[in-house]
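Presented below is the structure to which this report refers.
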Amino acid sequence: MINLLSPEFLSNPYPVYEMFRKNQPVAYMESLQLWSVFTYDHVKTVLTDHAHFSSGPNGQAKTAEPSEQKQEGFSLITTDPPRHTDLRSLVNRAFTPKAVAALEPRIEEIANELLDKNANTGELDLIRDFAYPLPVIVIAELLGVPAADRDRFKEWSDEIVAGADAIIGGGQAGSRQAHMEMNDYFKDIIAQRRVQPQNDLVSTLLAAEEGNSHLSESDILSFCRLLLVAGNETTTNLIGNAVLAFLEHPAEWDKLVSRPEMLPNAIEEVLRFRSPVQAMFRTAKQDVQIGDQTIPQGTRVVAWIGSANRDEAKFDEPARFDISRESNAHLAFGQGIHFCLGAPLARLEAKVALTAVRNRLPELARQNTEPLEPARGFIVHGVKSLPLRFATQS
Ligand code: HEM
């Protein structure tokens with residue numbers, strides 16, 4: 001039986017995925033009472049077929065109009081149509097690719113400031129000192145949290161993320177205390193922005209209107225929380241997984257250094273090769289046939305994105321890390337109506353981060369050959385810590 005939480009599986013789940021794709025592409029996992037799908041086609045079906053698979057925890061995701069649900073707030077990621085459609089178009093207005101692209105100079109500044117702290121030492125923990133704080137600071141600024149409050153924000157963010165069951169949200173995320181403090185803090189920000197809108201996400205969310213609907217205060221609070229859970233650890237691991245993949249494939253790093261225009265392609269290959277989110281959940285809304293199995297109504301289904309992205313039926317030599325790969329329709333950001341809202345931001349942060357690593361950390365190498373500890377849980381994939389050394393530029 002596979003232990004989905006064993007360090008062996010978490011560090012290298014790919015041989016297990018391959019075995020399932022070959023022998024049992026649709027499998028019931030007795031110990032977890034979960035169904036699992038492993039091939040590219042099945043994963044895509046489970047993620048996109050919202051007529052048969054709900055994003056809610058029990059097949060009854062909230063579908064009512066926001067006006068009927070004002071008091072509760074929402075979690076976009078666990079909501080089904082028609083409610084999801086309405087909410088998504090409201091938040092889309094605040095999260096346009098253009099708005100995200102405008103953040104590039106500021107993200108560069110933050111990345112360089114973080115690297116400045118270790119520039120003279122020749123050593124850093126890539127996760128602790130760089131890949132972890134970068135997305136947290138970016139989201140804090142995006143939400144309009146002033147620099148003076150950043151440390152408090154980081155503490156709430158840590159607690160909420162640590163407590164969140166997973167990117168799927170919905171569960172009892174984080175300590176009650178952190179929730180309440182952050183809610184109170186954002187209630188104040190919302191009240192201030194109502195009177196005096198600024199150039200930040202909260203002001204844009206307050207102004208967003210679609211037909212007769214708009215976002216309530218509790219909707220905005222839930223959305224801020226979702227951004228922390230869905231946006232921080234995922235991006236940390238994209239950056240960490242990228243650096244790790246390049247350390248293990250130095251010829252690909254040399255290729256990228258000599259041809260920097262390959263960076264966007266290289267980021268897509270990292271997303272495929274070592275997907276930061278390995279799995280997403282759905283619930284069967286009725287009995288549904290997948291492959292030669294019938295998944296019973298009401299059961300939870302795991303769509304193994306990390307396996308789909310290594311499916312030999314879809315990708316040539318899927319175990320090869322190749323930044324010049326041409327056809328790369330990976331599912332790392334999901335697919336369909338729940339496609340990652342933060343994908344443009346995650347790609348931009350990864351681009352800025354890898355450019356800063358290339359420019360500022362020459363001759364980058366692991367400090368030791370100790371095995372790396374995997375990140376917690378089987379949904380998010382990466383390492384907890386990545387101690388590196390580099391040549392100082394003096
Ligand atoms: C490399 C980084 C990231 C990865 C791999 C990732 C992955 C994903 C995936 C797989 C989904 C689909 C969930 C589903 O189908 O149920 C998703 C949804 C979502 N992501 Fe991301 N994400 C990343 C970064 C971000 C960032 C930076 C943000 C925001 C700041 C963000 C916000 C969201 C939101 C709000 C949703 C829900 C969208 C919806 O339900 O309509 N993500 N993400």
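Going by the structure tokens order, chains are called A, B, ..., each with residues numbered from 1, while ligands are numbered from 1 in the order shown.
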
### Task
Pick out the residues sitting within 9 Å of A:Ile337, and hand them over as a PyMOL selection string; count only C-alpha atoms, and ignore anything fewer than 5 positions along from it in its own chain.
chain A and resi 47-48+50+81+84-85+88

Could those residues be written to a file, using C-alpha atoms, as a PDB file, in the first residue's frame?
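Final file, result_37.pdb:
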```
ATOM      1  CA  LEU A  47     -10.816  19.082 -13.413  1.00  0.00           C
ATOM      2  CA  THR A  48     -13.017  20.429 -16.193  1.00  0.00           C
ATOM      3  CA  HIS A  50     -18.107  20.463 -13.483  1.00  0.00           C
ATOM      4  CA  PRO A  81     -21.396  27.493 -11.325  1.00  0.00           C
ATOM      5  CA  HIS A  84     -18.559  30.624  -9.461  1.00  0.00           C
ATOM      6  CA  THR A  85     -19.141  32.286 -12.847  1.00  0.00           C
ATOM      7  CA  ARG A  88     -14.935  34.845 -10.996  1.00  0.00           C
TER       8      ARG A  88
END
```

### Query
Residues within 8 Å of ligand 1 (only C-alpha atoms and all ligand atoms), as JSON, numbers by chain?
{"A": [47, 48, 55, 75, 76, 77, 78, 79, 84, 88, 135, 139, 167, 168, 223, 226, 227, 228, 230, 231, 232, 233, 234, 235, 236, 237, 238, 239, 271, 275, 276, 277, 278, 279, 280, 281, 282, 305, 331, 332, 333, 334, 335, 336, 337, 338, 339, 340, 341, 342, 343, 344, 345, 346, 347]}

### Distance in Å - atom CA of A:Gly298 versus atom CA of A:Met19
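According to the coordinates, atom CA of A:Gly298 and atom CA of A:Met19 are separated by 26.7 Å.
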
### Distance criterion (only C-alpha atoms): nearest to A:Leu10 out of A:Phe378, A:Phe246, A:Phe38, A:Phe315
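Among A:Phe378, A:Phe246, A:Phe38, A:Phe315, it is A:Phe378 that comes nearest to A:Leu10.
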
Find the nearest atom pair between each residue of stretch 168-267 of chain A and stretch 93-116 of chain A for residues within 10 Å, count only C-alpha atoms, give distances in Å to one decimal, sort rows by chain and ascending number, and present the table as JSON lines.
```
{"residue": "A:Asp200", "atom": "CA", "partner": "A:Ala94", "partner_atom": "CA", "distance": 8.8}
{"residue": "A:Leu201", "atom": "CA", "partner": "A:Ala94", "partner_atom": "CA", "distance": 6.1}
{"residue": "A:Val202", "atom": "CA", "partner": "A:Ala94", "partner_atom": "CA", "distance": 8.5}
{"residue": "A:Ser203", "atom": "CA", "partner": "A:Ala94", "partner_atom": "CA", "distance": 8.9}
{"residue": "A:Thr204", "atom": "CA", "partner": "A:Ala94", "partner_atom": "CA", "distance": 5.5}
{"residue": "A:Leu205", "atom": "CA", "partner": "A:Ala94", "partner_atom": "CA", "distance": 6.0}
{"residue": "A:Leu206", "atom": "CA", "partner": "A:Ala94", "partner_atom": "CA", "distance": 9.5}
{"residue": "A:Ala207", "atom": "CA", "partner": "A:Ala94", "partner_atom": "CA", "distance": 9.2}
{"residue": "A:Ala208", "atom": "CA", "partner": "A:Arg93", "partner_atom": "CA", "distance": 6.7}
{"residue": "A:Glu209", "atom": "CA", "partner": "A:Arg93", "partner_atom": "CA", "distance": 8.9}
{"residue": "A:Glu210", "atom": "CA", "partner": "A:Arg93", "partner_atom": "CA", "distance": 9.6}
```

Selection export as a short mmCIF file (atom, residue, chain, number, x, y, z; two decimals), in the first residue's frame, atoms kept: C-alpha atoms:
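Now in result_4.cif:
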```
data_model
loop_
_atom_site.label_atom_id
_atom_site.label_comp_id
_atom_site.auth_asym_id
_atom_site.auth_seq_id
_atom_site.Cartn_x
_atom_site.Cartn_y
_atom_site.Cartn_z
CA ASP A 200 -4.72 48.52 -4.69
CA LEU A 201 -6.62 45.26 -4.95
CA VAL A 202 -9.06 45.96 -2.11
CA SER A 203 -10.16 49.26 -3.76
CA THR A 204 -10.60 47.49 -7.10
CA LEU A 205 -12.60 44.65 -5.50
CA LEU A 206 -14.87 47.19 -3.77
CA ALA A 207 -15.51 48.91 -7.09
CA ALA A 208 -16.10 45.70 -9.08
CA GLU A 209 -19.65 45.27 -10.31
CA GLU A 210 -21.16 42.71 -12.63
#
```

### Message
Can you tell me which residues surround A:Arg128 at a distance of at most 10 Å, considering only C-alpha atoms, apart from same-chain residues fewer than 3 positions away, and format the answer as JSON, numbers by chain?
### Response
{"A": [124, 125, 131, 132, 133, 134, 236, 384, 385, 386, 387]}

N, CA and C atoms of the current selection, written as a PDB file, in the first residue's frame:
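And here's again-v8.pdb as it stands now:
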```pdb
ATOM      1  N   LEU A 124      23.143  31.182   1.295  1.00  0.00           N
ATOM      2  CA  LEU A 124      21.756  31.475   1.656  1.00  0.00           C
ATOM      3  C   LEU A 124      20.934  30.192   1.644  1.00  0.00           C
ATOM      4  N   ASP A 125      19.817  30.257   2.363  1.00  0.00           N
ATOM      5  CA  ASP A 125      18.823  29.190   2.205  1.00  0.00           C
ATOM      6  C   ASP A 125      17.826  29.728   1.196  1.00  0.00           C
ATOM      7  N   ALA A 131      12.748  32.487  -1.716  1.00  0.00           N
ATOM      8  CA  ALA A 131      11.533  31.994  -2.398  1.00  0.00           C
ATOM      9  C   ALA A 131      10.304  32.085  -1.498  1.00  0.00           C
ATOM     10  N   TYR A 132      10.513  32.030  -0.178  1.00  0.00           N
ATOM     11  CA  TYR A 132       9.379  32.129   0.732  1.00  0.00           C
ATOM     12  C   TYR A 132       8.938  33.589   0.950  1.00  0.00           C
ATOM     13  N   PRO A 133       9.846  34.497   1.324  1.00  0.00           N
ATOM     14  CA  PRO A 133       9.350  35.864   1.584  1.00  0.00           C
ATOM     15  C   PRO A 133       8.864  36.601   0.332  1.00  0.00           C
ATOM     16  N   LEU A 134       9.420  36.301  -0.820  1.00  0.00           N
ATOM     17  CA  LEU A 134       9.068  37.088  -2.022  1.00  0.00           C
ATOM     18  C   LEU A 134       7.557  37.122  -2.289  1.00  0.00           C
ATOM     19  N   THR A 236       6.331  29.942  -3.870  1.00  0.00           N
ATOM     20  CA  THR A 236       7.608  29.584  -3.215  1.00  0.00           C
ATOM     21  C   THR A 236       8.163  28.308  -3.843  1.00  0.00           C
ATOM     22  N   LYS A 384      11.589  21.877   1.886  1.00  0.00           N
ATOM     23  CA  LYS A 384      11.419  22.810   3.010  1.00  0.00           C
ATOM     24  C   LYS A 384      12.538  23.829   3.060  1.00  0.00           C
ATOM     25  N   SER A 385      13.726  23.383   2.657  1.00  0.00           N
ATOM     26  CA  SER A 385      14.892  24.238   2.827  1.00  0.00           C
ATOM     27  C   SER A 385      15.897  23.866   1.735  1.00  0.00           C
ATOM     28  N   LEU A 386      16.602  24.846   1.208  1.00  0.00           N
ATOM     29  CA  LEU A 386      17.573  24.564   0.136  1.00  0.00           C
ATOM     30  C   LEU A 386      18.827  25.423   0.368  1.00  0.00           C
ATOM     31  N   PRO A 387      19.742  24.919   1.251  1.00  0.00           N
ATOM     32  CA  PRO A 387      20.942  25.700   1.562  1.00  0.00           C
ATOM     33  C   PRO A 387      21.920  25.688   0.378  1.00  0.00           C
TER      34      PRO A 387
END
```

### Task
Take atom CA of A:Leu221 and atom CA of A:Asn183 and report the distance between them in Å, one decimal.
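These atoms are spaced 6.4 Å apart.
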
Test item, helix (DSSP H, G or I) assignment across stretch 177-330 of chain A, answer as a short mmCIF file (atom, residue, chain, number, x, y, z; two decimals) with N, CA and C atoms, in the first residue's frame:
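Now in part-v2.cif:
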```cif
data_model
loop_
_atom_site.label_atom_id
_atom_site.label_comp_id
_atom_site.auth_asym_id
_atom_site.auth_seq_id
_atom_site.Cartn_x
_atom_site.Cartn_y
_atom_site.Cartn_z
N GLN A 177 -7.39 32.78 16.09
CA GLN A 177 -6.84 34.09 16.49
C GLN A 177 -6.31 34.85 15.27
N ALA A 178 -5.48 34.14 14.47
CA ALA A 178 -4.89 34.80 13.29
C ALA A 178 -5.99 35.25 12.34
N HIS A 179 -7.01 34.40 12.20
CA HIS A 179 -8.14 34.76 11.32
C HIS A 179 -8.81 36.04 11.78
N MET A 180 -9.09 36.05 13.10
CA MET A 180 -9.84 37.19 13.61
C MET A 180 -9.03 38.47 13.49
N GLU A 181 -7.74 38.36 13.83
CA GLU A 181 -6.90 39.56 13.75
C GLU A 181 -6.82 40.06 12.32
N MET A 182 -6.63 39.12 11.39
CA MET A 182 -6.49 39.56 10.01
C MET A 182 -7.81 40.12 9.49
N ASN A 183 -8.92 39.49 9.84
CA ASN A 183 -10.23 40.02 9.42
C ASN A 183 -10.43 41.44 9.93
N ASP A 184 -10.11 41.65 11.22
CA ASP A 184 -10.30 42.99 11.79
C ASP A 184 -9.43 44.00 11.05
N TYR A 185 -8.21 43.55 10.76
CA TYR A 185 -7.28 44.45 10.08
C TYR A 185 -7.82 44.82 8.69
N PHE A 186 -8.31 43.80 7.95
CA PHE A 186 -8.80 44.10 6.60
C PHE A 186 -10.15 44.83 6.62
N LYS A 187 -10.93 44.61 7.67
CA LYS A 187 -12.17 45.38 7.78
C LYS A 187 -11.83 46.86 7.84
N ASP A 188 -10.79 47.20 8.60
CA ASP A 188 -10.36 48.61 8.67
C ASP A 188 -9.90 49.09 7.31
N ILE A 189 -9.09 48.27 6.63
CA ILE A 189 -8.60 48.69 5.30
C ILE A 189 -9.80 48.90 4.36
N ILE A 190 -10.78 47.97 4.41
CA ILE A 190 -11.95 48.10 3.52
C ILE A 190 -12.70 49.40 3.83
N ALA A 191 -12.87 49.67 5.13
CA ALA A 191 -13.59 50.91 5.51
C ALA A 191 -12.83 52.14 4.99
N GLN A 192 -11.51 52.11 5.13
CA GLN A 192 -10.72 53.26 4.64
C GLN A 192 -10.84 53.41 3.13
N ARG A 193 -10.76 52.27 2.41
CA ARG A 193 -10.77 52.34 0.94
C ARG A 193 -12.15 52.73 0.40
N ARG A 194 -13.20 52.44 1.18
CA ARG A 194 -14.54 52.87 0.75
C ARG A 194 -14.58 54.39 0.67
N VAL A 195 -13.95 55.04 1.66
CA VAL A 195 -13.96 56.50 1.71
C VAL A 195 -12.92 57.05 0.73
N LEU A 201 -5.64 46.30 -4.63
CA LEU A 201 -6.62 45.26 -4.95
C LEU A 201 -7.94 45.44 -4.19
N VAL A 202 -7.84 45.81 -2.90
CA VAL A 202 -9.06 45.96 -2.11
C VAL A 202 -9.95 47.06 -2.72
N SER A 203 -9.36 48.18 -3.13
CA SER A 203 -10.16 49.26 -3.76
C SER A 203 -10.80 48.75 -5.04
N THR A 204 -10.05 48.00 -5.84
CA THR A 204 -10.60 47.49 -7.10
C THR A 204 -11.72 46.49 -6.84
N LEU A 205 -11.55 45.64 -5.82
CA LEU A 205 -12.60 44.65 -5.50
C LEU A 205 -13.87 45.36 -5.03
N LEU A 206 -13.70 46.43 -4.25
CA LEU A 206 -14.87 47.19 -3.77
C LEU A 206 -15.63 47.80 -4.94
N ALA A 207 -14.88 48.22 -5.96
CA ALA A 207 -15.51 48.91 -7.09
C ALA A 207 -16.10 47.93 -8.11
N GLU A 217 -18.48 42.64 2.04
CA GLU A 217 -17.27 42.72 2.85
C GLU A 217 -16.73 41.31 3.17
N SER A 218 -17.65 40.39 3.51
CA SER A 218 -17.16 39.04 3.87
C SER A 218 -16.62 38.31 2.64
N ASP A 219 -17.18 38.59 1.46
CA ASP A 219 -16.60 38.02 0.22
C ASP A 219 -15.15 38.49 0.07
N ILE A 220 -14.94 39.78 0.29
CA ILE A 220 -13.58 40.32 0.09
C ILE A 220 -12.62 39.73 1.13
N LEU A 221 -13.10 39.58 2.36
CA LEU A 221 -12.24 38.99 3.40
C LEU A 221 -11.86 37.55 3.04
N SER A 222 -12.84 36.78 2.56
CA SER A 222 -12.54 35.39 2.18
C SER A 222 -11.56 35.34 1.01
N PHE A 223 -11.73 36.27 0.09
CA PHE A 223 -10.85 36.29 -1.08
C PHE A 223 -9.40 36.59 -0.66
N CYS A 224 -9.24 37.55 0.26
CA CYS A 224 -7.89 37.88 0.74
C CYS A 224 -7.25 36.63 1.35
N ARG A 225 -8.05 35.88 2.13
CA ARG A 225 -7.53 34.66 2.76
C ARG A 225 -7.15 33.62 1.71
N LEU A 226 -8.01 33.49 0.69
CA LEU A 226 -7.72 32.51 -0.37
C LEU A 226 -6.42 32.87 -1.09
N LEU A 227 -6.19 34.17 -1.29
CA LEU A 227 -4.94 34.56 -1.97
C LEU A 227 -3.72 34.10 -1.18
N LEU A 228 -3.81 34.20 0.15
CA LEU A 228 -2.69 33.75 0.98
C LEU A 228 -2.47 32.25 0.82
N VAL A 229 -3.57 31.50 0.90
CA VAL A 229 -3.45 30.05 0.87
C VAL A 229 -3.03 29.56 -0.52
N ALA A 230 -3.67 30.14 -1.56
CA ALA A 230 -3.45 29.62 -2.91
C ALA A 230 -2.21 30.21 -3.58
N GLY A 231 -1.76 31.37 -3.10
CA GLY A 231 -0.74 32.08 -3.86
C GLY A 231 0.67 32.05 -3.30
N ASN A 232 0.81 31.76 -1.99
CA ASN A 232 2.14 31.94 -1.41
C ASN A 232 3.03 30.70 -1.51
N GLU A 233 2.58 29.63 -0.88
CA GLU A 233 3.41 28.43 -0.83
C GLU A 233 3.63 27.86 -2.24
N THR A 234 2.61 27.99 -3.07
CA THR A 234 2.70 27.49 -4.45
C THR A 234 3.83 28.20 -5.20
N THR A 235 3.87 29.52 -5.07
CA THR A 235 4.89 30.28 -5.80
C THR A 235 6.27 30.04 -5.20
N THR A 236 6.33 29.94 -3.87
CA THR A 236 7.61 29.58 -3.21
C THR A 236 8.16 28.31 -3.84
N ASN A 237 7.28 27.31 -4.01
CA ASN A 237 7.77 26.03 -4.52
C ASN A 237 8.08 26.08 -6.01
N LEU A 238 7.39 26.92 -6.75
CA LEU A 238 7.78 27.06 -8.17
C LEU A 238 9.22 27.57 -8.27
N ILE A 239 9.53 28.59 -7.45
CA ILE A 239 10.89 29.16 -7.49
C ILE A 239 11.91 28.12 -6.98
N GLY A 240 11.58 27.48 -5.87
CA GLY A 240 12.49 26.48 -5.30
C GLY A 240 12.68 25.30 -6.25
N ASN A 241 11.59 24.81 -6.83
CA ASN A 241 11.68 23.66 -7.74
C ASN A 241 12.47 24.02 -9.00
N ALA A 242 12.35 25.28 -9.43
CA ALA A 242 13.10 25.71 -10.62
C ALA A 242 14.60 25.65 -10.33
N VAL A 243 15.00 26.25 -9.20
CA VAL A 243 16.44 26.29 -8.88
C VAL A 243 16.97 24.86 -8.71
N LEU A 244 16.19 24.03 -8.04
CA LEU A 244 16.60 22.65 -7.83
C LEU A 244 16.74 21.90 -9.16
N ALA A 245 15.77 22.08 -10.04
CA ALA A 245 15.83 21.39 -11.34
C ALA A 245 17.07 21.83 -12.11
N PHE A 246 17.40 23.12 -12.05
CA PHE A 246 18.59 23.59 -12.78
C PHE A 246 19.88 23.10 -12.13
N LEU A 247 19.90 23.00 -10.79
CA LEU A 247 21.11 22.47 -10.14
C LEU A 247 21.34 21.02 -10.55
N GLU A 248 20.24 20.31 -10.75
CA GLU A 248 20.36 18.90 -11.14
C GLU A 248 20.60 18.72 -12.63
N PRO A 250 22.65 20.92 -14.98
CA PRO A 250 23.46 22.12 -15.25
C PRO A 250 23.52 22.49 -16.73
N ALA A 251 23.40 21.51 -17.64
CA ALA A 251 23.47 21.86 -19.07
C ALA A 251 22.26 22.72 -19.46
N GLU A 252 21.11 22.46 -18.82
CA GLU A 252 19.92 23.27 -19.11
C GLU A 252 20.11 24.69 -18.56
N TRP A 253 20.78 24.81 -17.42
CA TRP A 253 21.06 26.13 -16.84
C TRP A 253 21.99 26.91 -17.79
N ASP A 254 23.01 26.23 -18.30
CA ASP A 254 23.94 26.90 -19.22
C ASP A 254 23.20 27.37 -20.47
N LYS A 255 22.27 26.52 -20.93
CA LYS A 255 21.48 26.88 -22.10
C LYS A 255 20.69 28.17 -21.82
N LEU A 256 20.09 28.23 -20.65
CA LEU A 256 19.27 29.39 -20.28
C LEU A 256 20.13 30.65 -20.12
N VAL A 257 21.31 30.49 -19.52
CA VAL A 257 22.18 31.64 -19.32
C VAL A 257 22.61 32.22 -20.67
N SER A 258 22.88 31.32 -21.63
CA SER A 258 23.32 31.85 -22.93
C SER A 258 22.14 32.30 -23.79
N PRO A 260 18.77 33.89 -22.68
CA PRO A 260 17.79 34.32 -21.66
C PRO A 260 16.36 34.40 -22.20
N GLU A 261 16.21 34.52 -23.52
CA GLU A 261 14.84 34.60 -24.07
C GLU A 261 14.08 33.28 -23.87
N MET A 262 14.81 32.24 -23.46
CA MET A 262 14.13 30.95 -23.21
C MET A 262 13.47 30.88 -21.83
N LEU A 263 13.61 31.94 -21.04
CA LEU A 263 13.12 31.87 -19.65
C LEU A 263 11.64 31.51 -19.54
N PRO A 264 10.72 32.17 -20.30
CA PRO A 264 9.30 31.77 -20.16
C PRO A 264 9.09 30.28 -20.45
N ASN A 265 9.74 29.77 -21.48
CA ASN A 265 9.63 28.34 -21.81
C ASN A 265 10.18 27.46 -20.69
N ALA A 266 11.29 27.94 -20.09
CA ALA A 266 11.93 27.17 -19.01
C ALA A 266 10.99 27.09 -17.80
N ILE A 267 10.28 28.18 -17.51
CA ILE A 267 9.36 28.18 -16.37
C ILE A 267 8.21 27.19 -16.62
N GLU A 268 7.72 27.15 -17.86
CA GLU A 268 6.66 26.17 -18.18
C GLU A 268 7.17 24.75 -17.99
N GLU A 269 8.44 24.53 -18.34
CA GLU A 269 8.98 23.17 -18.19
C GLU A 269 9.12 22.79 -16.72
N VAL A 270 9.51 23.77 -15.86
CA VAL A 270 9.56 23.48 -14.42
C VAL A 270 8.16 23.15 -13.93
N LEU A 271 7.17 23.93 -14.37
CA LEU A 271 5.78 23.69 -13.94
C LEU A 271 5.33 22.27 -14.32
N ARG A 272 5.77 21.79 -15.46
CA ARG A 272 5.41 20.44 -15.89
C ARG A 272 6.22 19.39 -15.14
N PHE A 273 7.54 19.61 -15.12
CA PHE A 273 8.48 18.58 -14.64
C PHE A 273 8.37 18.37 -13.13
N ILE A 305 -2.37 15.93 -10.79
CA ILE A 305 -1.78 16.83 -11.80
C ILE A 305 -0.31 16.45 -12.04
N GLY A 306 0.40 16.12 -10.96
CA GLY A 306 1.82 15.78 -11.07
C GLY A 306 2.03 14.56 -11.94
N SER A 307 1.07 13.64 -11.93
CA SER A 307 1.16 12.45 -12.77
C SER A 307 0.77 12.77 -14.21
N ALA A 308 -0.31 13.54 -14.38
CA ALA A 308 -0.74 13.93 -15.73
C ALA A 308 0.41 14.60 -16.49
#
```

Find the residues of stretch 243-321 of chain A that sit at most 6 Å from stretch 34-37 of chain A; for each, write down the nearest two atoms and how far apart they are in Å, to one decimal. Count only C-alpha atoms. Sort by chain, then by number going up, and give it as a Markdown table.
```
| residue | atom | partner | partner_atom | distance |
| --- | --- | --- | --- | --- |
| A:Arg300 | CA | A:Leu34 | CA | 5.3 |
| A:Val301 | CA | A:Trp35 | CA | 4.6 |
| A:Val302 | CA | A:Ser36 | CA | 4.7 |
| A:Ala303 | CA | A:Val37 | CA | 5.3 |
```

### Task
Using atom CA of A:Asp316 and atom CA of A:Leu348 as the two end points, give the distance in Å to one decimal.
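Between atom CA of A:Asp316 and atom CA of A:Leu348 the gap is 26.9 Å.
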
#### Entry: Nearby residues (only C-alpha atoms) at most 7 Å from stretch 284-286 of chain A, same-chain spacing under 2 positions excluded, as number ranges by chain
A: 52-54, 59, 282, 288, 296-300

### Residue list (strand (DSSP E or B), DSSP) for stretch 85-271 of chain A, as a VMD selection string
chain A and resid 123 to 125 209 to 210 213 to 214
